[in-house]
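Data block for run.pdb (PDB, C-alpha atoms, pLDDT in the B column):
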```
ATOM      1  CA  MET A   1     -25.181   6.529-151.884  1.00 81.00           C
ATOM      2  CA  SER A   2     -22.458   4.023-152.673  1.00 96.00           C
ATOM      3  CA  ILE A   3     -22.981   2.239-155.979  1.00 98.00           C
ATOM      4  CA  HIS A   4     -20.093   0.194-157.324  1.00 98.00           C
ATOM      5  CA  PRO A   5     -19.184   1.265-160.897  1.00 98.00           C
ATOM      6  CA  THR A   6     -19.917  -2.236-162.249  1.00 98.00           C
ATOM      7  CA  ALA A   7     -23.444  -2.324-160.783  1.00 98.00           C
ATOM      8  CA  ILE A   8     -26.386  -1.608-163.070  1.00 98.00           C
ATOM      9  CA  VAL A   9     -29.202   0.460-161.561  1.00 98.00           C
ATOM     10  CA  ASP A  10     -32.216   1.151-163.769  1.00 98.00           C
ATOM     11  CA  GLU A  11     -33.155   4.832-163.986  1.00 98.00           C
ATOM     12  CA  GLN A  12     -36.711   3.903-162.897  1.00 98.00           C
ATOM     13  CA  ALA A  13     -35.428   2.500-159.561  1.00 98.00           C
ATOM     14  CA  THR A  14     -35.684   4.611-156.415  1.00 98.00           C
ATOM     15  CA  LEU A  15     -32.786   4.395-153.955  1.00 98.00           C
ATOM     16  CA  ALA A  16     -32.437   6.178-150.622  1.00 98.00           C
ATOM     17  CA  GLU A  17     -29.341   8.346-150.230  1.00 97.00           C
ATOM     18  CA  ASP A  18     -27.471   5.875-147.998  1.00 97.00           C
ATOM     19  CA  VAL A  19     -28.068   2.670-149.987  1.00 98.00           C
ATOM     20  CA  THR A  20     -25.029   0.528-150.826  1.00 98.00           C
ATOM     21  CA  VAL A  21     -24.931  -1.539-154.036  1.00 98.00           C
ATOM     22  CA  GLY A  22     -22.050  -3.955-154.592  1.00 98.00           C
ATOM     23  CA  PRO A  23     -20.122  -5.024-157.693  1.00 98.00           C
ATOM     24  CA  TYR A  24     -22.109  -6.447-160.616  1.00 98.00           C
ATOM     25  CA  ALA A  25     -25.444  -6.140-158.811  1.00 98.00           C
ATOM     26  CA  LEU A  26     -28.529  -5.471-160.960  1.00 98.00           C
ATOM     27  CA  ILE A  27     -31.349  -3.232-159.730  1.00 98.00           C
ATOM     28  CA  GLY A  28     -34.299  -3.225-162.125  1.00 98.00           C
ATOM     29  CA  PRO A  29     -37.092  -0.760-162.823  1.00 98.00           C
ATOM     30  CA  ASN A  30     -39.801  -0.162-160.225  1.00 98.00           C
ATOM     31  CA  VAL A  31     -37.537  -1.192-157.347  1.00 98.00           C
ATOM     32  CA  THR A  32     -37.539   0.945-154.198  1.00 98.00           C
ATOM     33  CA  LEU A  33     -34.673   0.545-151.731  1.00 98.00           C
ATOM     34  CA  SER A  34     -35.208   2.324-148.407  1.00 98.00           C
ATOM     35  CA  ALA A  35     -32.634   3.881-146.076  1.00 98.00           C
ATOM     36  CA  GLY A  36     -29.675   1.744-145.114  1.00 98.00           C
ATOM     37  CA  VAL A  37     -30.354  -1.117-147.546  1.00 98.00           C
ATOM     38  CA  ARG A  38     -27.191  -2.989-148.574  1.00 98.00           C
ATOM     39  CA  VAL A  39     -27.065  -5.074-151.742  1.00 98.00           C
ATOM     40  CA  GLY A  40     -24.167  -7.487-152.227  1.00 98.00           C
ATOM     41  CA  SER A  41     -22.219  -8.352-155.333  1.00 98.00           C
ATOM     42  CA  HIS A  42     -24.022 -10.122-158.158  1.00 98.00           C
ATOM     43  CA  ALA A  43     -27.433  -9.786-156.440  1.00 98.00           C
ATOM     44  CA  VAL A  44     -30.453  -9.177-158.678  1.00 98.00           C
ATOM     45  CA  ILE A  45     -33.538  -7.208-157.613  1.00 98.00           C
ATOM     46  CA  ASN A  46     -36.489  -6.929-159.997  1.00 98.00           C
ATOM     47  CA  GLY A  47     -39.666  -4.926-159.574  1.00 95.00           C
ATOM     48  CA  PRO A  48     -42.218  -3.923-158.742  1.00 98.00           C
ATOM     49  CA  THR A  49     -40.487  -4.486-155.399  1.00 98.00           C
ATOM     50  CA  THR A  50     -40.227  -2.363-152.254  1.00 98.00           C
ATOM     51  CA  ILE A  51     -37.540  -3.171-149.683  1.00 99.00           C
ATOM     52  CA  GLY A  52     -37.688  -1.678-146.189  1.00 98.00           C
ATOM     53  CA  LYS A  53     -34.904   0.073-144.324  1.00 98.00           C
ATOM     54  CA  GLU A  54     -31.706  -1.642-143.151  1.00 98.00           C
ATOM     55  CA  THR A  55     -32.382  -4.826-145.104  1.00 99.00           C
ATOM     56  CA  VAL A  56     -29.259  -6.696-146.218  1.00 98.00           C
ATOM     57  CA  ILE A  57     -29.137  -8.735-149.419  1.00 98.00           C
ATOM     58  CA  PHE A  58     -26.050 -10.896-149.824  1.00 98.00           C
ATOM     59  CA  SER A  59     -24.251 -12.016-152.977  1.00 98.00           C
ATOM     60  CA  HIS A  60     -26.156 -13.863-155.693  1.00 98.00           C
ATOM     61  CA  ALA A  61     -29.605 -13.476-154.101  1.00 98.00           C
ATOM     62  CA  VAL A  62     -32.474 -12.944-156.556  1.00 98.00           C
ATOM     63  CA  ILE A  63     -35.251 -10.816-155.079  1.00 99.00           C
ATOM     64  CA  GLY A  64     -38.454  -9.932-156.929  1.00 98.00           C
ATOM     65  CA  GLY A  65     -38.180 -12.483-159.715  1.00 97.00           C
ATOM     66  CA  ASP A  66     -41.166 -13.565-161.783  1.00 97.00           C
ATOM     67  CA  ALA A  67     -43.456 -16.137-160.173  1.00 97.00           C
ATOM     68  CA  GLN A  68     -42.615 -19.744-160.961  1.00 96.00           C
ATOM     69  CA  ASP A  69     -46.240 -20.543-161.705  1.00 95.00           C
ATOM     70  CA  LEU A  70     -47.994 -21.561-164.924  1.00 93.00           C
ATOM     71  CA  LYS A  71     -50.730 -18.968-164.352  1.00 91.00           C
ATOM     72  CA  PHE A  72     -48.159 -16.142-164.365  1.00 94.00           C
ATOM     73  CA  LYS A  73     -48.363 -14.416-167.760  1.00 94.00           C
ATOM     74  CA  GLY A  74     -46.130 -11.400-167.180  1.00 93.00           C
ATOM     75  CA  GLU A  75     -48.796  -9.244-165.545  1.00 94.00           C
ATOM     76  CA  ALA A  76     -47.959  -6.680-162.877  1.00 94.00           C
ATOM     77  CA  ALA A  77     -47.366  -8.467-159.581  1.00 97.00           C
ATOM     78  CA  PHE A  78     -45.665  -7.186-156.463  1.00 98.00           C
ATOM     79  CA  LEU A  79     -43.187  -7.874-153.669  1.00 98.00           C
ATOM     80  CA  GLN A  80     -43.272  -5.955-150.393  1.00 98.00           C
ATOM     81  CA  ILE A  81     -40.398  -6.540-147.938  1.00 99.00           C
ATOM     82  CA  GLY A  82     -40.344  -4.933-144.495  1.00 98.00           C
ATOM     83  CA  GLU A  83     -37.440  -3.634-142.441  1.00 98.00           C
ATOM     84  CA  ARG A  84     -34.225  -5.224-141.168  1.00 98.00           C
ATOM     85  CA  ASN A  85     -34.486  -8.480-143.088  1.00 99.00           C
ATOM     86  CA  THR A  86     -31.428 -10.485-144.107  1.00 99.00           C
ATOM     87  CA  PHE A  87     -31.271 -12.539-147.299  1.00 99.00           C
ATOM     88  CA  ARG A  88     -28.134 -14.674-147.438  1.00 98.00           C
ATOM     89  CA  GLU A  89     -26.356 -16.056-150.489  1.00 98.00           C
ATOM     90  CA  PHE A  90     -28.547 -17.491-153.274  1.00 98.00           C
ATOM     91  CA  ALA A  91     -31.854 -16.758-151.493  1.00 98.00           C
ATOM     92  CA  THR A  92     -34.756 -16.246-153.912  1.00 98.00           C
ATOM     93  CA  VAL A  93     -38.056 -14.425-153.400  1.00 98.00           C
ATOM     94  CA  ASN A  94     -40.709 -14.224-156.142  1.00 98.00           C
ATOM     95  CA  ARG A  95     -43.336 -11.566-156.753  1.00 98.00           C
ATOM     96  CA  GLY A  96     -47.037 -12.477-156.724  1.00 98.00           C
ATOM     97  CA  THR A  97     -49.256 -13.662-159.563  1.00 96.00           C
ATOM     98  CA  MET A  98     -52.356 -12.201-161.199  1.00 94.00           C
ATOM     99  CA  GLY A  99     -51.797  -8.790-159.605  1.00 95.00           C
ATOM    100  CA  GLY A 100     -51.069 -10.343-156.207  1.00 97.00           C
ATOM    101  CA  THR A 101     -48.348  -9.542-153.708  1.00 98.00           C
ATOM    102  CA  THR A 102     -45.726 -11.556-151.895  1.00 98.00           C
ATOM    103  CA  THR A 103     -45.284  -9.957-148.468  1.00 98.00           C
ATOM    104  CA  ILE A 104     -42.433 -10.301-145.979  1.00 99.00           C
ATOM    105  CA  GLY A 105     -42.573  -8.639-142.558  1.00 99.00           C
ATOM    106  CA  ASN A 106     -39.722  -7.317-140.406  1.00 99.00           C
ATOM    107  CA  ASP A 107     -36.589  -8.760-138.775  1.00 99.00           C
ATOM    108  CA  ASN A 108     -36.460 -12.084-140.638  1.00 99.00           C
ATOM    109  CA  LEU A 109     -33.409 -14.188-141.514  1.00 99.00           C
ATOM    110  CA  PHE A 110     -33.387 -16.124-144.782  1.00 99.00           C
ATOM    111  CA  MET A 111     -30.230 -18.251-144.842  1.00 98.00           C
ATOM    112  CA  ALA A 112     -28.474 -19.534-147.975  1.00 98.00           C
ATOM    113  CA  TYR A 113     -30.566 -21.177-150.708  1.00 98.00           C
ATOM    114  CA  THR A 114     -33.946 -20.369-149.142  1.00 98.00           C
ATOM    115  CA  HIS A 115     -36.940 -19.707-151.373  1.00 98.00           C
ATOM    116  CA  VAL A 116     -40.190 -17.778-150.892  1.00 98.00           C
ATOM    117  CA  ALA A 117     -42.641 -18.398-153.729  1.00 98.00           C
ATOM    118  CA  HIS A 118     -45.347 -16.204-155.230  1.00 98.00           C
ATOM    119  CA  ASP A 119     -48.171 -14.765-153.150  1.00 98.00           C
ATOM    120  CA  ALA A 120     -46.679 -16.011-149.865  1.00 98.00           C
ATOM    121  CA  THR A 121     -46.998 -14.028-146.640  1.00 98.00           C
ATOM    122  CA  ILE A 122     -44.174 -14.164-144.097  1.00 99.00           C
ATOM    123  CA  GLY A 123     -44.609 -12.551-140.670  1.00 98.00           C
ATOM    124  CA  ASP A 124     -42.002 -10.970-138.380  1.00 99.00           C
ATOM    125  CA  HIS A 125     -38.974 -12.477-136.590  1.00 99.00           C
ATOM    126  CA  CYS A 126     -38.878 -15.713-138.616  1.00 98.00           C
ATOM    127  CA  VAL A 127     -35.820 -17.825-139.380  1.00 98.00           C
ATOM    128  CA  PHE A 128     -35.521 -19.896-142.536  1.00 98.00           C
ATOM    129  CA  ALA A 129     -32.454 -22.141-142.171  1.00 98.00           C
ATOM    130  CA  ASN A 130     -30.412 -23.195-145.215  1.00 98.00           C
ATOM    131  CA  SER A 131     -32.517 -24.495-148.120  1.00 98.00           C
ATOM    132  CA  ALA A 132     -35.888 -23.997-146.407  1.00 98.00           C
ATOM    133  CA  ASN A 133     -38.499 -23.437-149.117  1.00 98.00           C
ATOM    134  CA  VAL A 134     -42.110 -22.293-149.081  1.00 98.00           C
ATOM    135  CA  ALA A 135     -44.470 -22.726-152.012  1.00 98.00           C
ATOM    136  CA  GLY A 136     -47.044 -20.334-153.415  1.00 98.00           C
ATOM    137  CA  HIS A 137     -49.835 -18.893-151.266  1.00 98.00           C
ATOM    138  CA  VAL A 138     -48.156 -20.098-148.051  1.00 98.00           C
ATOM    139  CA  ARG A 139     -48.651 -18.136-144.824  1.00 98.00           C
ATOM    140  CA  ILE A 140     -45.864 -18.161-142.233  1.00 98.00           C
ATOM    141  CA  GLU A 141     -46.869 -16.326-139.065  1.00 98.00           C
ATOM    142  CA  ASP A 142     -44.602 -14.484-136.580  1.00 98.00           C
ATOM    143  CA  ASN A 143     -41.625 -16.109-134.821  1.00 98.00           C
ATOM    144  CA  VAL A 144     -41.617 -19.286-136.946  1.00 98.00           C
ATOM    145  CA  VAL A 145     -38.443 -21.327-137.431  1.00 98.00           C
ATOM    146  CA  LEU A 146     -38.065 -23.534-140.499  1.00 98.00           C
ATOM    147  CA  GLY A 147     -35.076 -25.850-140.149  1.00 98.00           C
ATOM    148  CA  GLY A 148     -32.681 -26.711-142.940  1.00 97.00           C
ATOM    149  CA  LEU A 149     -34.118 -28.473-145.998  1.00 98.00           C
ATOM    150  CA  VAL A 150     -37.728 -27.861-144.892  1.00 98.00           C
ATOM    151  CA  GLY A 151     -40.464 -27.713-147.517  1.00 98.00           C
ATOM    152  CA  VAL A 152     -43.875 -26.125-146.970  1.00 98.00           C
ATOM    153  CA  HIS A 153     -46.621 -27.158-149.409  1.00 98.00           C
ATOM    154  CA  GLN A 154     -48.662 -24.546-151.257  1.00 97.00           C
ATOM    155  CA  HIS A 155     -51.639 -22.974-149.453  1.00 98.00           C
ATOM    156  CA  CYS A 156     -50.407 -24.210-146.029  1.00 98.00           C
ATOM    157  CA  ARG A 157     -50.196 -22.062-142.910  1.00 98.00           C
ATOM    158  CA  THR A 158     -47.558 -22.314-140.207  1.00 98.00           C
ATOM    159  CA  GLY A 159     -48.829 -20.786-136.962  1.00 98.00           C
ATOM    160  CA  ARG A 160     -46.873 -18.340-134.842  1.00 98.00           C
ATOM    161  CA  CYS A 161     -44.023 -19.614-132.685  1.00 98.00           C
ATOM    162  CA  ALA A 162     -44.061 -22.999-134.469  1.00 98.00           C
ATOM    163  CA  MET A 163     -40.945 -24.847-135.580  1.00 98.00           C
ATOM    164  CA  VAL A 164     -40.595 -27.327-138.416  1.00 98.00           C
ATOM    165  CA  GLY A 165     -37.461 -29.376-137.807  1.00 96.00           C
ATOM    166  CA  GLY A 166     -34.681 -29.847-140.341  1.00 94.00           C
ATOM    167  CA  GLY A 167     -35.619 -32.040-143.288  1.00 95.00           C
ATOM    168  CA  GLY A 168     -39.323 -31.836-142.412  1.00 95.00           C
ATOM    169  CA  MET A 169     -42.110 -31.489-144.937  1.00 96.00           C
ATOM    170  CA  ALA A 170     -45.246 -29.541-144.047  1.00 97.00           C
ATOM    171  CA  ALA A 171     -47.964 -30.831-146.373  1.00 97.00           C
ATOM    172  CA  GLN A 172     -50.712 -29.417-144.145  1.00 97.00           C
ATOM    173  CA  ASP A 173     -51.145 -26.559-141.684  1.00 98.00           C
ATOM    174  CA  VAL A 174     -48.796 -26.468-138.667  1.00 98.00           C
ATOM    175  CA  PRO A 175     -50.620 -25.222-135.544  1.00 98.00           C
ATOM    176  CA  PRO A 176     -49.156 -22.361-133.515  1.00 98.00           C
ATOM    177  CA  PHE A 177     -46.718 -23.170-130.666  1.00 98.00           C
ATOM    178  CA  THR A 178     -45.877 -26.654-131.982  1.00 97.00           C
ATOM    179  CA  ILE A 179     -42.719 -28.419-133.064  1.00 94.00           C
TER     180      ILE A 179
END
```
Structure translated into structure tokens:
Amino acid sequence: MSIHPTAIVDEQATLAEDVTVGPYALIGPNVTLSAGVRVGSHAVINGPTTIGKETVIFSHAVIGGDAQDLKFKGEAAFLQIGERNTFREFATVNRGTMGGTTTIGNDNLFMAYTHVAHDATIGDHCVFANSANVAGHVRIEDNVVLGGLVGVHQHCRTGRCAMVGGGGMAAQDVPPFTI
């Protein structure tokens, strides 16, 4: 395990033996980091959050923050992240609300300034370009591409292999295999 001396890791966090934690990173209680996870400088991870193996979290990302939702009252809510995901600089991912879970699959790329809100479900092999944002209770299926500055409205679904072009707003469901 390689933890920079300026990083703060809560004693209630669970880290695999080969995890790397960079300078000034904060790892909170009830966080589980699996084998090969790398956390960059100044990143913040709050729990309850589980992060799958070989995931990379770049500088200043905030993973597992409280839901930005008026119904969130501090109750236990969860974040489950699969394997081999990449969260670039300033990406944010919130835990669920009312005991719910935000879930992210495997092999996804979240570029700088992306946001995944509470209770969202993200599939596998998705790409969120810079500043793509999804609201609460959104479902993004496998192999979806959200271009830069895309917004997806709450409770909407984006079907597998769909693409929402840069600057687009999805205020309703996007069918699979569409652009």
Worksheet item: Residues at most 6 Å from range 34-46 of chain A, counting all atoms listed in the file, excluding those fewer than 4 positions away in the same chain, as a list in words?
Response: Ala16, Asp18, Val19, Thr20, Val21, Gly22, Pro23, Tyr24, Ala25, Leu26, Ile27, Gly28, Gly52, Lys53, Glu54, Thr55, Val56, Ile57, Phe58, Ser59, His60, Ala61, Val62, Ile63, Gly64 and Gly65 of chain A
Item to complete: Compile the contact shell of Gly165 in chain A as an MDAnalysis selection string: residues with an atom at most 10 Å away, counting all atoms listed in the file, same-chain residues fewer than 2 positions apart removed.
Response: chainID A and resid 129 145:150 162:163 167:170 179
Worksheet entry | Among listed residues A:Asp66, A:Asp173, A:Glu83, A:Asp107, nearest Asp142 in chain A (using only C-alpha atoms) | A:Asp107
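We find CA of Thr121 in chain A and CA of Asp10 in chain A to be spaced 27.2 Å apart.
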Discussion item. Counting only C-alpha atoms, I want the residues whose atoms come within 8 Å of (-43.5, -16.1, -161.1) in the file frame, returned as an MDAnalysis selection string.
Written reply: chainID A and resid 65:69 72 94:97 117:118
Write out the residues from the selection above, keeping C-alpha atoms, as a tab-separated table (two decimals), in the coordinates of the input.
```
chain	number	residue	atom	x	y	z
A	65	GLY	CA	-38.18	-12.48	-159.72
A	66	ASP	CA	-41.17	-13.56	-161.78
A	67	ALA	CA	-43.46	-16.14	-160.17
A	68	GLN	CA	-42.62	-19.74	-160.96
A	69	ASP	CA	-46.24	-20.54	-161.71
A	72	PHE	CA	-48.16	-16.14	-164.36
A	94	ASN	CA	-40.71	-14.22	-156.14
A	95	ARG	CA	-43.34	-11.57	-156.75
A	96	GLY	CA	-47.04	-12.48	-156.72
A	97	THR	CA	-49.26	-13.66	-159.56
A	117	ALA	CA	-42.64	-18.40	-153.73
A	118	HIS	CA	-45.35	-16.20	-155.23
```
List the spatial neighbours of Thr14 in chain A as a compact mmCIF listing (two decimals) with C-alpha atoms, in the coordinates of the input - criterion: any atom at most 7 Å away, all atoms listed in the file, same-chain residues fewer than 2 positions off excluded.
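Output (selection-v5.txt):
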```
# COMPACT_ATOMS: atom_id res chain seq x y z
CA GLN A 12 -36.71 3.90 -162.90
CA ALA A 16 -32.44 6.18 -150.62
CA VAL A 31 -37.54 -1.19 -157.35
CA THR A 32 -37.54 0.94 -154.20
CA LEU A 33 -34.67 0.55 -151.73
```
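Considering only C-alpha atoms, the residue among A:Ala91, A:Met98, A:Cys156, A:Val144 positioned nearest to Ala120 in chain A is A:Cys156.
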Worksheet entry | Residues within 7 Å of (-46.5, -24.4, -147.9), file coords, all atoms listed in the file, listed as a ChimeraX atom specification | /A:134-136,138,151-157,170-171
Worksheet item: Using only C-alpha atoms, which residue out of A:Leu70, A:Val164, A:Met111, A:Ile104 lies closest to Arg88 in chain A?
Response: A:Met111
Worksheet entry | Coordinates-based distance that separates CA of Gly47 in chain A from CA of Ile3 in chain A (Å, one decimal) | 18.5 Å
